[in-house]
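What follows is the content of upload.pdb, which has PDB, C-alpha atoms:
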ATOM      1  CA  MET A 201      32.944 -24.706  -3.818
ATOM      2  CA  ASN A 202      31.774 -21.692  -5.848
ATOM      3  CA  ARG A 203      28.298 -23.206  -6.165
ATOM      4  CA  VAL A 204      28.024 -23.468  -2.359
ATOM      5  CA  LEU A 205      29.134 -19.857  -1.917
ATOM      6  CA  LEU A 206      26.686 -18.635  -4.561
ATOM      7  CA  THR A 207      23.845 -20.592  -2.931
ATOM      8  CA  ALA A 208      24.707 -19.077   0.473
ATOM      9  CA  ILE A 209      24.728 -15.545  -0.963
ATOM     10  CA  ILE A 210      21.381 -16.054  -2.705
ATOM     11  CA  ALA A 211      19.850 -17.540   0.458
ATOM     12  CA  ALA A 212      21.107 -14.628   2.571
ATOM     13  CA  THR A 213      19.743 -12.095   0.088
ATOM     14  CA  LEU A 214      16.333 -13.750  -0.107
ATOM     15  CA  SER A 215      16.107 -14.009   3.675
ATOM     16  CA  GLY A 216      16.684 -10.277   4.035
ATOM     17  CA  CYS A 217      20.085 -10.683   5.728
ATOM     18  CA  VAL A 218      21.808  -8.964   2.831
ATOM     19  CA  SER A 219      20.000  -6.256   0.905
ATOM     20  CA  PRO A 220      20.997  -3.396  -1.356
ATOM     21  CA  ASN A 221      18.170  -1.435   0.305
ATOM     22  CA  PRO A 222      18.690  -0.198   3.885
ATOM     23  CA  VAL A 223      16.477  -1.939   6.466
ATOM     24  CA  SER A 224      15.827  -0.829  10.027
ATOM     25  CA  THR A 225      13.541  -2.355  12.641
ATOM     26  CA  THR A 226      11.422  -0.199  14.937
ATOM     27  CA  SER A 227      10.994  -0.900  18.654
ATOM     28  CA  ASP A 228       7.535  -2.357  17.939
ATOM     29  CA  GLY A 229       8.925  -4.858  15.420
ATOM     30  CA  TYR A 230       8.174  -3.188  12.091
ATOM     31  CA  ARG A 231      10.714  -3.401   9.291
ATOM     32  CA  ILE A 232      11.308  -0.129   7.458
ATOM     33  CA  GLN A 233      13.062  -0.829   4.154
ATOM     34  CA  LYS A 234      14.014   2.094   1.923
ATOM     35  CA  PHE A 235      13.969   1.776  -1.848
ATOM     36  CA  SER A 236      14.754   4.289  -4.574
ATOM     37  CA  GLN A 237      12.619   7.273  -5.581
ATOM     38  CA  GLY A 238      11.017   7.910  -2.196
ATOM     39  CA  THR A 239       9.553   4.438  -1.681
ATOM     40  CA  VAL A 240       9.596   2.623   1.661
ATOM     41  CA  SER A 241       8.248  -0.800   2.663
ATOM     42  CA  VAL A 242       6.651  -1.000   6.115
ATOM     43  CA  GLY A 243       5.680  -4.299   7.731
ATOM     44  CA  LYS A 244       6.673  -7.129  10.001
ATOM     45  CA  SER A 245       7.533  -9.551   7.196
ATOM     46  CA  ALA A 246      10.482  -9.496   4.797
ATOM     47  CA  ASN A 247       7.998 -10.622   2.136
ATOM     48  CA  LEU A 248       6.827  -7.363   0.558
ATOM     49  CA  LEU A 249       3.575  -8.990  -0.602
ATOM     50  CA  ALA A 250       2.622 -10.381   2.820
ATOM     51  CA  ALA A 251      -0.629  -9.291   4.438
ATOM     52  CA  GLY A 252       0.069  -6.350   6.745
ATOM     53  CA  ASN A 253       2.963  -5.023   4.647
ATOM     54  CA  TRP A 254       2.589  -1.602   3.065
ATOM     55  CA  SER A 255       4.365   0.294   0.324
ATOM     56  CA  VAL A 256       4.780   3.979   1.171
ATOM     57  CA  SER A 257       5.641   6.224  -1.750
ATOM     58  CA  CYS A 258       6.575   9.885  -1.298
ATOM     59  CA  GLN A 259       8.008  10.997  -4.606
ATOM     60  CA  THR A 260       8.992  14.607  -5.173
ATOM     61  CA  ASP A 261       7.052  16.380  -7.916
ATOM     62  CA  ALA A 262       9.511  17.741 -10.484
ATOM     63  CA  MET A 263       7.455  20.900 -11.060
ATOM     64  CA  THR A 264       6.380  21.878  -7.547
ATOM     65  CA  GLY A 265       9.139  20.309  -5.452
ATOM     66  CA  LYS A 266       6.457  18.947  -3.086
ATOM     67  CA  ARG A 267       6.258  15.327  -2.016
ATOM     68  CA  ASN A 268       3.196  13.445  -3.271
ATOM     69  CA  CYS A 269       2.591  10.538  -0.920
ATOM     70  CA  SER A 270       0.518   7.385  -1.031
ATOM     71  CA  ILE A 271       0.206   4.081   0.808
ATOM     72  CA  THR A 272      -0.529   0.809  -0.983
ATOM     73  CA  SER A 273      -1.303  -2.658   0.339
ATOM     74  CA  LEU A 274      -0.024  -4.848  -2.461
ATOM     75  CA  ALA A 275      -1.612  -7.942  -0.916
ATOM     76  CA  GLY A 276      -5.113  -6.443  -0.959
ATOM     77  CA  ALA A 277      -5.065  -3.835  -3.710
ATOM     78  CA  LEU A 278      -5.845  -0.969  -1.332
ATOM     79  CA  PHE A 279      -4.545   2.529  -2.155
ATOM     80  CA  ILE A 280      -4.520   5.593   0.123
ATOM     81  CA  ASP A 281      -3.707   8.852  -1.668
ATOM     82  CA  TYR A 282      -2.309  11.823   0.243
ATOM     83  CA  GLY A 283      -1.285  13.971  -2.714
ATOM     84  CA  SER A 284       0.849  16.727  -1.190
ATOM     85  CA  SER A 285      -1.395  16.979   1.899
ATOM     86  CA  PRO A 286      -0.338  15.836   5.376
ATOM     87  CA  LYS A 287      -3.654  13.925   5.652
ATOM     88  CA  PRO A 288      -5.049  11.166   3.433
ATOM     89  CA  GLN A 289      -7.319  12.545   0.709
ATOM     90  CA  ARG A 290      -8.735   9.417  -0.985
ATOM     91  CA  VAL A 291      -9.049   5.702  -0.292
ATOM     92  CA  CYS A 292      -9.293   3.560  -3.424
ATOM     93  CA  ALA A 293      -9.808  -0.057  -4.439
ATOM     94  CA  LEU A 294      -7.003  -0.586  -6.963
ATOM     95  CA  LEU A 295      -8.592  -3.479  -8.849
ATOM     96  CA  HIS A 296     -11.705  -1.477  -9.810
ATOM     97  CA  ASP A 297     -11.611  -0.775 -13.540
ATOM     98  CA  ALA A 298     -15.172  -1.251 -14.805
ATOM     99  CA  PRO A 299     -16.357   1.852 -16.671
ATOM    100  CA  GLY A 300     -19.474   3.433 -15.196
ATOM    101  CA  MET A 301     -19.620   1.129 -12.167
ATOM    102  CA  THR A 302     -19.048   1.995  -8.541
ATOM    103  CA  ALA A 303     -17.300  -0.282  -6.066
ATOM    104  CA  LEU A 304     -18.171  -0.988  -2.440
ATOM    105  CA  ILE A 305     -15.646  -0.817   0.386
ATOM    106  CA  ARG A 306     -16.102  -1.944   3.952
ATOM    107  CA  VAL A 307     -14.049  -2.095   7.140
ATOM    108  CA  ASP A 308     -14.807  -4.983   9.507
ATOM    109  CA  SER A 309     -18.565  -5.008  10.270
ATOM    110  CA  HIS A 310     -19.175  -1.329   9.468
ATOM    111  CA  PRO A 311     -21.687  -0.595   6.693
ATOM    112  CA  ALA A 312     -20.299  -0.715   3.151
ATOM    113  CA  VAL A 313     -19.527   2.612   1.468
ATOM    114  CA  ALA A 314     -20.082   3.152  -2.260
ATOM    115  CA  THR A 315     -17.146   4.611  -4.179
ATOM    116  CA  ASP A 316     -17.118   6.847  -7.216
ATOM    117  CA  THR A 317     -16.679   5.253 -10.651
ATOM    118  CA  GLN A 318     -12.897   5.312 -10.167
ATOM    119  CA  GLY A 319     -13.208   3.111  -7.071
ATOM    120  CA  CYS A 320     -12.369   5.893  -4.588
ATOM    121  CA  VAL A 321     -14.014   7.645  -1.636
ATOM    122  CA  SER A 322     -12.977  10.676   0.347
ATOM    123  CA  ALA A 323     -10.600   9.455   3.048
ATOM    124  CA  SER A 324     -12.513  11.389   5.697
ATOM    125  CA  ARG A 325     -15.455   8.975   5.195
ATOM    126  CA  ILE A 326     -13.549   5.802   6.138
ATOM    127  CA  ILE A 327      -9.973   6.397   7.356
ATOM    128  CA  HIS A 328     -10.963   6.494  11.058
ATOM    129  CA  GLN A 329     -12.532   3.028  10.677
ATOM    130  CA  MET A 330      -9.422   1.783   8.895
ATOM    131  CA  ARG A 331      -7.078   3.039  11.622
ATOM    132  CA  SER A 332      -8.896   1.010  14.282
ATOM    133  CA  GLY A 333     -10.053  -1.864  12.065
ATOM    134  CA  SER A 334      -8.523  -5.176  11.105
ATOM    135  CA  THR A 335      -9.893  -5.987   7.625
ATOM    136  CA  PHE A 336     -10.627  -3.892   4.526
ATOM    137  CA  LEU A 337     -12.959  -5.485   1.983
ATOM    138  CA  ALA A 338     -13.599  -4.143  -1.523
ATOM    139  CA  ARG A 339     -16.173  -5.400  -4.011
ATOM    140  CA  VAL A 340     -15.028  -4.156  -7.396
ATOM    141  CA  GLY A 341     -16.029  -4.357 -11.015
ATOM    142  CA  ALA A 342     -13.162  -5.692 -13.071
ATOM    143  CA  ILE A 343     -12.860  -6.045 -16.824
ATOM    144  CA  ASN A 344     -12.783  -9.687 -17.810
ATOM    145  CA  ASP A 345      -9.853  -9.586 -20.266
ATOM    146  CA  TRP A 346     -10.411 -13.074 -21.627
ATOM    147  CA  SER A 347     -14.097 -12.512 -22.399
ATOM    148  CA  PRO A 348     -14.810 -11.708 -26.072
ATOM    149  CA  ASP A 349     -17.070  -8.780 -25.125
ATOM    150  CA  LEU A 350     -14.854  -7.502 -22.254
ATOM    151  CA  ARG A 351     -17.771  -7.484 -19.825
ATOM    152  CA  SER A 352     -17.228  -6.635 -16.183
ATOM    153  CA  VAL A 353     -17.177  -9.230 -13.435
ATOM    154  CA  ILE A 354     -17.596  -8.627  -9.725
ATOM    155  CA  LYS A 355     -14.612  -9.519  -7.538
ATOM    156  CA  ASP A 356     -13.990  -9.242  -3.807
ATOM    157  CA  SER A 357     -10.605  -8.156  -2.535
ATOM    158  CA  ARG A 358      -9.491  -8.263   1.102
ATOM    159  CA  ALA A 359      -6.613  -6.453   2.820
ATOM    160  CA  SER A 360      -5.285  -6.741   6.350
ATOM    161  CA  LEU A 361      -5.134  -3.372   8.093
ATOM    162  CA  GLU A 362      -2.343  -4.557  10.392
ATOM    163  CA  GLY A 363       0.484  -2.038  10.207
ATOM    164  CA  LEU A 364      -1.582   0.730   8.580
ATOM    165  CA  ASN A 365      -0.998   3.095  11.503
ATOM    166  CA  LYS A 366       2.770   2.481  11.216
ATOM    167  CA  ALA A 367       2.594   3.179   7.460
ATOM    168  CA  MET A 368       0.709   6.433   8.125
ATOM    169  CA  GLU A 369       3.292   7.347  10.774
ATOM    170  CA  THR A 370       6.011   6.699   8.170
ATOM    171  CA  VAL A 371       4.331   9.119   5.724
ATOM    172  CA  ALA A 372       4.254  11.765   8.470
ATOM    173  CA  ASP A 373       7.942  11.147   9.259
ATOM    174  CA  ILE A 374       8.920  11.514   5.591
ATOM    175  CA  GLN A 375       6.847  14.675   5.148
ATOM    176  CA  ALA A 376       8.330  16.201   8.325
ATOM    177  CA  GLY A 377      11.891  15.289   7.316
ATOM    178  CA  ARG A 378      12.359  12.822  10.210
ATOM    179  CA  LEU A 379      12.886   9.938   7.770
ATOM    180  CA  ALA A 380      15.153  10.684   4.842
ATOM    181  CA  VAL A 381      14.324   8.985   1.548
ATOM    182  CA  LYS A 382      15.633   9.560  -1.933
ATOM    183  CA  PRO A 383      13.454  11.925  -3.954
TER     184      PRO A 383
END
Rewrite the coordinates I just gave you, this time as structure tokens.
Amino acid sequence: MNRVLLTAIIAATLSGCVSPNPVSTTSDGYRIQKFSQGTVSVGKSANLLAAGNWSVSCQTDAMTGKRNCSITSLAGALFIDYGSSPKPQRVCALLHDAPGMTALIRVDSHPAVATDTQGCVSASRIIHQMRSGSTFLARVGAINDWSPDLRSVIKDSRASLEGLNKAMETVADIQAGRLAVKP
């Protein structure tokens, strides 16, 4: 009997029916799940790694008291950095770690944009395409850890842009105090 109860509890937790983190659903079907330290998951799936799900982080800086926000697509290794600004400052390809190399990023059929050597571009160069686009593609240089000489390899990474506007709206709500999250 205890095994059946335990199995039911685990199944309910994994399905999202029971969660230690508060979950709300917006009128347009997005799940907003709050985690600790100013982090929120935004997406239509309970699977945090599903395409179209975003991690919004707005942690409070201990020295300045300002919220530093970012949006990450864990499924596609896409990072949007706000810093303490109300607007995105940088868009980065998270998997880019090849010293001295630039990455390329592209939205849908728009021309590719070269990044700096950290894999980032100014958000003003591409965010408008991302807000109306459907797919973000990054071609990055990645260190080949298992190679004896640690040479870089080229990898393509793809992220769905579904839900990005909702994630950006969530950042604005947190910054304006309309959505309370733990600092």
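With atom CA of Phe279 of chain A on one side and atom CA of Trp254 of chain A on the other, the separation reads 9.8 Å.
With all atoms listed in the file taken into account, the protein and nucleic acid residues at most 9 Å from Ser236 of chain A (excluding it and anything under 4 positions from it in its own chain) are Asn221, Val240, Val381, Lys382 and Pro383 of chain A.
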I want to know what sits within 8 Å of segment 286-294 of chain A, based on all atoms listed in the file, with residues of the same chain fewer than 2 positions away left out; could you give that as JSON, numbers by chain? {"A": [277, 278, 279, 280, 281, 282, 283, 284, 296, 303, 305, 315, 318, 319, 320, 321, 322, 323, 324, 326, 327, 338, 340, 372, 375]}
Gln259 of chain A proximity check over A:Ala298, A:Ala275, A:Val371, A:Ile232, using only C-alpha atoms: winner is A:Val371
Can you pull out the residues contacting Leu364 of chain A? Cut-off 10 Å, using all atoms listed in the file, and skip same-chain residues under 5 positions away; I want them as a PyMOL selection string. chain A and resi 242-243+252-254+271-273+330-334+369-370
Identify all residues satisfying the PyMOL selection byres ((chain A and resi 258) around 7) in the given file; provide them as a short mmCIF file (atom, residue, chain, number, x, y, z; two decimals) with C-alpha atoms, in the coordinates of the input.
data_model
loop_
_atom_site.label_atom_id
_atom_site.label_comp_id
_atom_site.auth_asym_id
_atom_site.auth_seq_id
_atom_site.Cartn_x
_atom_site.Cartn_y
_atom_site.Cartn_z
CA GLY A 238 11.02 7.91 -2.20
CA THR A 239 9.55 4.44 -1.68
CA VAL A 256 4.78 3.98 1.17
CA SER A 257 5.64 6.22 -1.75
CA GLN A 259 8.01 11.00 -4.61
CA THR A 260 8.99 14.61 -5.17
CA ARG A 267 6.26 15.33 -2.02
CA ASN A 268 3.20 13.44 -3.27
CA CYS A 269 2.59 10.54 -0.92
CA SER A 270 0.52 7.38 -1.03
#
Output check: residues returned by the PyMOL selection byres ((chain A and resi 310) around 12), as JSON, numbers by chain: {"A": [304, 305, 306, 307, 308, 309, 311, 312, 313, 325, 326, 328, 329, 330, 332, 333, 334, 335, 336, 337]}
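Among A:Asp373, A:Glu362, A:Asp297, A:Asp316, the residue with the shortest atom-to-atom distance to Lys244 of chain A, counting all atoms listed in the file, is A:Glu362.
For the atom pair formed by atom CA of Tyr230 of chain A and atom CA of Ala246 of chain A, the distance is 9.9 Å, given to one decimal.
Rounded to one decimal, atom CA of Arg231 of chain A and atom CA of Ser245 of chain A lie 7.2 Å from each other.
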List, as an NGL selection string, every residue that the PyMOL selection byres ((chain A and resi 223) around 6) selects in the file provided. :A and (222 or 224 or 232-233)
Considering all atoms listed in the file, can you say which of A:Ala250, A:Ser227, A:Thr302, A:Phe235 comes closest to Leu361 of chain A? A:Ala250
Once N, CA and C atoms are restored for segment 296-326 of chain A, what would the output be as a compact mmCIF listing (two decimals), in the frame of the given file?
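Dumped everything to rebuild.txt:
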# COMPACT_ATOMS: atom_id res chain seq x y z
N HIS A 296 -10.46 -1.93 -9.18
CA HIS A 296 -11.70 -1.48 -9.81
C HIS A 296 -11.39 -0.80 -11.14
N ASP A 297 -11.87 -1.39 -12.23
CA ASP A 297 -11.61 -0.78 -13.54
C ASP A 297 -12.79 -0.93 -14.50
N ALA A 298 -13.99 -1.08 -13.97
CA ALA A 298 -15.17 -1.25 -14.80
C ALA A 298 -15.80 0.11 -15.08
N PRO A 299 -15.81 0.53 -16.32
CA PRO A 299 -16.36 1.85 -16.67
C PRO A 299 -17.82 2.00 -16.24
N GLY A 300 -18.11 3.12 -15.59
CA GLY A 300 -19.47 3.43 -15.20
C GLY A 300 -19.98 2.73 -13.95
N MET A 301 -19.19 1.85 -13.37
CA MET A 301 -19.62 1.13 -12.17
C MET A 301 -18.96 1.72 -10.93
N THR A 302 -19.66 1.63 -9.81
CA THR A 302 -19.05 2.00 -8.54
C THR A 302 -18.62 0.71 -7.84
N ALA A 303 -17.72 0.85 -6.90
CA ALA A 303 -17.30 -0.28 -6.07
C ALA A 303 -17.89 -0.08 -4.67
N LEU A 304 -17.80 -1.09 -3.84
CA LEU A 304 -18.17 -0.99 -2.44
C LEU A 304 -16.95 -1.31 -1.61
N ILE A 305 -16.74 -0.52 -0.54
CA ILE A 305 -15.65 -0.82 0.39
C ILE A 305 -16.22 -0.88 1.80
N ARG A 306 -15.59 -1.72 2.60
CA ARG A 306 -16.10 -1.94 3.95
C ARG A 306 -14.94 -2.26 4.88
N VAL A 307 -15.02 -1.77 6.11
CA VAL A 307 -14.05 -2.10 7.14
C VAL A 307 -14.76 -2.90 8.22
N ASP A 308 -14.24 -4.09 8.49
CA ASP A 308 -14.81 -4.98 9.51
C ASP A 308 -16.33 -5.11 9.32
N SER A 309 -17.11 -4.85 10.37
CA SER A 309 -18.57 -5.01 10.27
C SER A 309 -19.29 -3.68 10.05
N HIS A 310 -18.55 -2.62 9.76
CA HIS A 310 -19.18 -1.33 9.47
C HIS A 310 -19.95 -1.44 8.16
N PRO A 311 -20.95 -0.57 7.96
CA PRO A 311 -21.69 -0.60 6.69
C PRO A 311 -20.76 -0.31 5.50
N ALA A 312 -21.07 -0.94 4.38
CA ALA A 312 -20.30 -0.72 3.15
C ALA A 312 -20.51 0.71 2.66
N VAL A 313 -19.49 1.26 2.02
CA VAL A 313 -19.53 2.61 1.47
C VAL A 313 -19.33 2.50 -0.04
N ALA A 314 -20.21 3.15 -0.80
CA ALA A 314 -20.08 3.15 -2.26
C ALA A 314 -19.00 4.15 -2.68
N THR A 315 -18.20 3.75 -3.66
CA THR A 315 -17.15 4.61 -4.18
C THR A 315 -17.67 5.39 -5.39
N ASP A 316 -16.82 6.24 -5.93
CA ASP A 316 -17.12 6.85 -7.22
C ASP A 316 -16.78 5.83 -8.31
N THR A 317 -16.92 6.21 -9.56
CA THR A 317 -16.68 5.25 -10.65
C THR A 317 -15.20 4.91 -10.82
N GLN A 318 -14.32 5.64 -10.14
CA GLN A 318 -12.90 5.31 -10.17
C GLN A 318 -12.51 4.37 -9.02
N GLY A 319 -13.48 4.02 -8.19
CA GLY A 319 -13.21 3.11 -7.07
C GLY A 319 -12.68 3.81 -5.83
N CYS A 320 -12.92 5.11 -5.71
CA CYS A 320 -12.37 5.89 -4.59
C CYS A 320 -13.47 6.57 -3.78
N VAL A 321 -13.16 6.83 -2.50
CA VAL A 321 -14.01 7.64 -1.64
C VAL A 321 -13.11 8.66 -0.94
N SER A 322 -13.72 9.72 -0.46
CA SER A 322 -12.98 10.68 0.35
C SER A 322 -12.46 9.96 1.59
N ALA A 323 -11.20 10.15 1.90
CA ALA A 323 -10.60 9.46 3.05
C ALA A 323 -11.32 9.79 4.35
N SER A 324 -11.85 10.99 4.45
CA SER A 324 -12.51 11.39 5.70
C SER A 324 -13.73 10.52 6.00
N ARG A 325 -14.28 9.83 4.99
CA ARG A 325 -15.46 8.98 5.20
C ARG A 325 -15.11 7.64 5.83
N ILE A 326 -13.83 7.18 5.73
CA ILE A 326 -13.55 5.80 6.14
C ILE A 326 -12.21 5.61 6.86
